[in-house]
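S.K.: Mind having a look at this structure? Questions to follow.
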2 protein chains.
Amino acid sequence: MQIREIGEQGLLKILQGFCPRDLIGDDGAVLPWSYSLENGQNDRQSLVVTTDLLVEGVHFSDRTTSPADAGWRAVVANLSDLAAMGAQAVGITVGLGLRGDTTVSWLEELYQGITACLQQTPIVGGDVVNSPINTIAITAFGRVHPQQVIKRSAAQIGDAIVVTGSHGKSKAGLELLLHPEEYGLTSLSNYGQLEEGEILTADRREIIQAHQRPQPRLDVLPYLTSFDRIAGMDSSDGLADAICQICRASGVGARIDRAALTIPEVLTQMVSAKTALDWVLYGGEDFELVLCLPWVQAASLVQKLGSEAAIIGTIASDPAILLLSEREGNFTLNLEQGFQHF
Amino acid sequence: MQIREIGEQGLLKILQGFCPRDLIGDDGAVLPWSYSLENGQNDRQSLVVTTDLLVEGVHFSDRTTSPADAGWRAVVANLSDLAAMGAQAVGITVGLGLRGDTTVSWLEELYQGITACLQQTPIVGGDVVNSPINTIAITAFGRVHPQQVIKRSAAQIGDAIVVTGSHGKSKAGLELLLHPEEYGLTSLSNYGQLEEGEILTADRREIIQAHQRPQPRLDVLPYLTSFDRIAGMDSSDGLADAICQICRASGVGARIDRAALTIPEVLTQMVSAKTALDWVLYGGEDFELVLCLPWVQAASLVQKLGSEAAIIGTIASDPAILLLSEREGNFTLNLEQGFQHF
């Protein structure tokens, strides 16, 4: 049997059989030793590791992604996984598989994108090998106080479900880059640049930016330190996927309030309301955090995070994951519609 | 300009420009915070990380490598890098890029090879994505007391140069698998299995084993704890490459005694003495350690390690790296003849 026949969840099930049960199932692994900074013996924090592969033609292409954007996105996926664990970044390793005909300038721009997204976090090592297809493998290391680890499995019945920002913009930006003619634009040249003379509206620039330069939500972490228990993960594979994964890991269900979901106006200008909602729920790559915590704390958190953060629903005992809408009726969210790697 | 035009060393120079100078240049990075085991506050050790990519058709192929052997070799490259830093293994992450038509049994056998080589070391996380070419990206974590880190740059004039075992067998095993007819064997079928009825001599079985299931020399580390300073690295890219890299990093030269180099007898049965010596010096993938330390300590170490370990030369102030031979005359070893990734 081939792996594409068993699907991503079937595949993960096989691979997880080879891993210790307590170390897997989250965006990163919390390793069971704590370390302390050289100059602060009491600052004991756990080590968090996470790893991601990006493959040319699968995760990035010259059509929509400059080498610098590819580097940025390889890093953001990893930093977002750290944020999803509640961990600050401390370093990454970069493994590269490169075609021999890759240009030096492509490689330099890739690294410029990597370091731009990293800001002060250092690249601490790497490997570079020949490959028929350009591949970027990044492993990121982070640190988190053991009491402040965010886990998918920690959601409790009655928790509020918080999103740290709006969803759907990254998918909208990708669609605009892939099918510019459908949205009244002259074809975009390589790397998502517009033809000369073409003018983009501010909100279209924003969704292209959301796709090409998404931000890891490490900035959210300082607001979380006062809370005792937070469940959650990032929404890199889609908002609905994140909600479903949290519910499955926690053995609970969820009720999402359709009216509480922000649908960015630029989406409804591009496509039907139904498609816009699909992009919000299943688009993926927004790299926001989806967090579950008691209502009073959730309300305080949303207030601190500002305009695009919102409480979008509540954790329920009934295992169904429902989107409740007065106008459109209720429907069930499912894992299968999220971004499938296979 | 394309990266294949600038060569591996040129490529590394560019990439190292993006990394902190004090963290690179060895088989792994020693991160500047130390961690302590939960139950032993005084057991402060540094964290070492290393990463390696293996690509189908470049580093392994169905012709000479079963999926289990590919998994083994992906792990051994990383564990050997940890051993080369003086670090014991504590965990790895596994990133996989897989063709959709990869079979489930191939994947399971790959993981069986990975876990067989790991022994008790856990897989603590991973990622699996679609890719046109099967790719294995492993990052390994280790721990080492800060005083016992083995660095390439620590060799001193007058040091003895120790190898922990013989070289050339892995290359000989690969050649036997690739060109069985040249060595009087019926063609080997896929995965390096012999045709039915064919009988391999013990030493030919040994070199195939050396290629398919090399051992990381983590077993050497307990013998090193009593020494104050050890320079070194592993010989994964060849014995000559290791000597040259250590000399370059330490700003010294070396004199290798041709008579002290073991040339396994099975090599000279297969090829000319000259080619056998080439395999010993440049063959690569033997995953032994090449260590530089004072002579008295070196002699004691070699005695403890047993038959295949040897002192093969000495570190000199003159930067030339010479192989001294009474019979064949002296010649210079160079970096370019080692395994080039590009």
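By order in the structure tokens, chains are A, B, ...; within a chain, residues start at 1; ligands start at 1, following the order shown.
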Identify, on the basis of only C-alpha atoms, every residue whose closest approach to Ala309 (chain A) does not exceed 9 Å; exclude the query and any residue fewer than 3 positions from it along the same chain; express the result as an MDAnalysis selection string.
M.R.: chainID A and resid 162:166 301:306
S.K.: Counting only C-alpha atoms, give me one row per residue of region 104-152 of chain B with an atom at most 8 Å from an atom of region 42-66 of chain A, showing the shortest contact pair and its distance in Å to one decimal, sorted by chain then residue number, as a Markdown table.
M.R.:
```
| residue | atom | partner | partner_atom | distance |
| --- | --- | --- | --- | --- |
| B:Gly125 | CA | A:Thr50 | CA | 6.7 |
| B:Gly126 | CA | A:Thr51 | CA | 5.8 |
| B:Asp127 | CA | A:Asp52 | CA | 5.5 |
| B:Val128 | CA | A:Leu53 | CA | 7.5 |
| B:Val129 | CA | A:Leu53 | CA | 6.9 |
| B:Asn130 | CA | A:Val58 | CA | 7.0 |
| B:Ser131 | CA | A:Val55 | CA | 6.2 |
```
S.K.: Set the cut-off to 8 Å and count only C-alpha atoms: what are the residues of chain B that reach chain A? Output as a PDB file with C-alpha atoms, in the first residue's frame.
M.R.:
```pdb
ATOM      1  CA  MET B   1      26.880  31.987 -10.824  1.00  0.00           C
ATOM      2  CA  GLN B   2      25.666  28.507  -9.898  1.00  0.00           C
ATOM      3  CA  ILE B   3      26.563  26.844  -6.604  1.00  0.00           C
ATOM      4  CA  ARG B   4      28.197  23.863  -8.317  1.00  0.00           C
ATOM      5  CA  ILE B  14      28.772  32.011   2.123  1.00  0.00           C
ATOM      6  CA  LEU B  15      26.456  30.224   4.559  1.00  0.00           C
ATOM      7  CA  PHE B  18      25.005  34.212   8.249  1.00  0.00           C
ATOM      8  CA  CYS B  19      25.966  32.331  11.458  1.00  0.00           C
ATOM      9  CA  PRO B  20      27.607  33.500  14.700  1.00  0.00           C
ATOM     10  CA  LEU B  23      28.965  28.478  17.019  1.00  0.00           C
ATOM     11  CA  ILE B  24      30.142  27.015  13.736  1.00  0.00           C
ATOM     12  CA  GLY B  28      27.893  20.159  15.924  1.00  0.00           C
ATOM     13  CA  ALA B  29      27.127  23.409  17.731  1.00  0.00           C
ATOM     14  CA  LEU B  31      24.863  26.051  22.634  1.00  0.00           C
ATOM     15  CA  PRO B  32      25.829  28.665  25.199  1.00  0.00           C
ATOM     16  CA  TRP B  33      23.479  27.566  27.929  1.00  0.00           C
ATOM     17  CA  SER B  34      23.970  24.520  30.053  1.00  0.00           C
ATOM     18  CA  TYR B  35      21.236  22.284  31.283  1.00  0.00           C
ATOM     19  CA  SER B  36      20.989  20.019  34.272  1.00  0.00           C
ATOM     20  CA  LEU B  37      19.184  16.739  34.701  1.00  0.00           C
ATOM     21  CA  GLU B  38      15.989  17.085  36.734  1.00  0.00           C
ATOM     22  CA  VAL B  49      22.996  20.038  18.216  1.00  0.00           C
ATOM     23  CA  THR B  50      23.826  18.712  14.772  1.00  0.00           C
ATOM     24  CA  THR B  51      21.795  18.184  11.622  1.00  0.00           C
ATOM     25  CA  ASP B  52      22.159  16.107   8.440  1.00  0.00           C
ATOM     26  CA  LEU B  53      20.176  15.591   5.259  1.00  0.00           C
ATOM     27  CA  LEU B  54      20.098  12.379   3.229  1.00  0.00           C
ATOM     28  CA  VAL B  55      18.640  12.476  -0.256  1.00  0.00           C
ATOM     29  CA  VAL B  58      22.461  11.092  -3.811  1.00  0.00           C
ATOM     30  CA  THR B  93      13.933  14.802  15.389  1.00  0.00           C
ATOM     31  CA  VAL B  94      13.099  13.246  12.024  1.00  0.00           C
ATOM     32  CA  GLY B  95      11.894  15.336   9.072  1.00  0.00           C
ATOM     33  CA  LEU B  96      10.749  13.333   6.068  1.00  0.00           C
ATOM     34  CA  GLY B  97       9.986  14.416   2.520  1.00  0.00           C
ATOM     35  CA  GLY B 100       3.247   9.823  -2.537  1.00  0.00           C
ATOM     36  CA  ASP B 101       3.974   6.428  -4.110  1.00  0.00           C
ATOM     37  CA  THR B 102       6.335   5.428  -1.281  1.00  0.00           C
ATOM     38  CA  THR B 103       5.017   2.220   0.222  1.00  0.00           C
ATOM     39  CA  VAL B 104       3.947   1.963   3.845  1.00  0.00           C
ATOM     40  CA  SER B 105       6.309  -0.984   4.291  1.00  0.00           C
ATOM     41  CA  GLU B 108       8.089   1.230   8.375  1.00  0.00           C
ATOM     42  CA  TYR B 111      11.884   3.675  10.896  1.00  0.00           C
ATOM     43  CA  THR B 115      15.308   3.001  15.848  1.00  0.00           C
ATOM     44  CA  PRO B 122      14.262   8.573  21.629  1.00  0.00           C
ATOM     45  CA  ILE B 123      12.746  10.209  18.544  1.00  0.00           C
ATOM     46  CA  VAL B 124      11.284  13.362  20.097  1.00  0.00           C
ATOM     47  CA  GLY B 125       9.524  14.895  17.135  1.00  0.00           C
ATOM     48  CA  GLY B 126       9.294  15.233  13.415  1.00  0.00           C
ATOM     49  CA  ASP B 127       7.570  16.424  10.318  1.00  0.00           C
ATOM     50  CA  VAL B 128       6.406  14.584   7.236  1.00  0.00           C
ATOM     51  CA  VAL B 129       5.624  16.303   3.947  1.00  0.00           C
ATOM     52  CA  ASN B 130       5.094  15.462   0.320  1.00  0.00           C
ATOM     53  CA  SER B 131       8.185  15.681  -1.927  1.00  0.00           C
ATOM     54  CA  PRO B 132       9.127  14.540  -5.426  1.00  0.00           C
ATOM     55  CA  ILE B 133      12.196  12.861  -3.902  1.00  0.00           C
ATOM     56  CA  ALA B 137      16.460  15.332   7.607  1.00  0.00           C
ATOM     57  CA  THR B 139      18.611  16.784  13.891  1.00  0.00           C
ATOM     58  CA  HIS B 341      28.931  17.229  -1.532  1.00  0.00           C
ATOM     59  CA  PHE B 342      28.821  19.421  -4.650  1.00  0.00           C
TER      60      PHE B 342
END
```
S.K.: Among region 49-265 of chain B, which ones does DSSP place in alpha helix (DSSP H), written as a VMD selection string?
M.R.: chain B and resid 67 to 84 104 to 118 169 to 178 202 to 212 239 to 250 265
S.K.: Let me make sure I understand: among A:Gly86, A:Gly158, A:Gly142, A:Pro180, which one has the smallest atom-to-atom distance to Pro294 (chain A) if we use only C-alpha atoms?
M.R.: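 Of A:Gly86, A:Gly158, A:Gly142, A:Pro180, the one nearest Pro294 (chain A) is A:Gly158, counting only C-alpha atoms.
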S.K.: Just want the 12 Å neighbourhood of Ile312 (chain B), counted on only C-alpha atoms, with same-chain residues fewer than 3 positions away dropped. Output as a ChimeraX atom specification.
M.R.: /B:159-167,239-240,243,254-262,281,290-292,295,298-299,302,308-309,315,322-324
S.K.: Give me, please, the distance in Å between CA of Asp318 (chain A) and CA of Gly251 (chain A), quoted to one decimal.
M.R.: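 Result for CA of Asp318 (chain A) versus CA of Gly251 (chain A): 9.3 Å, one decimal.
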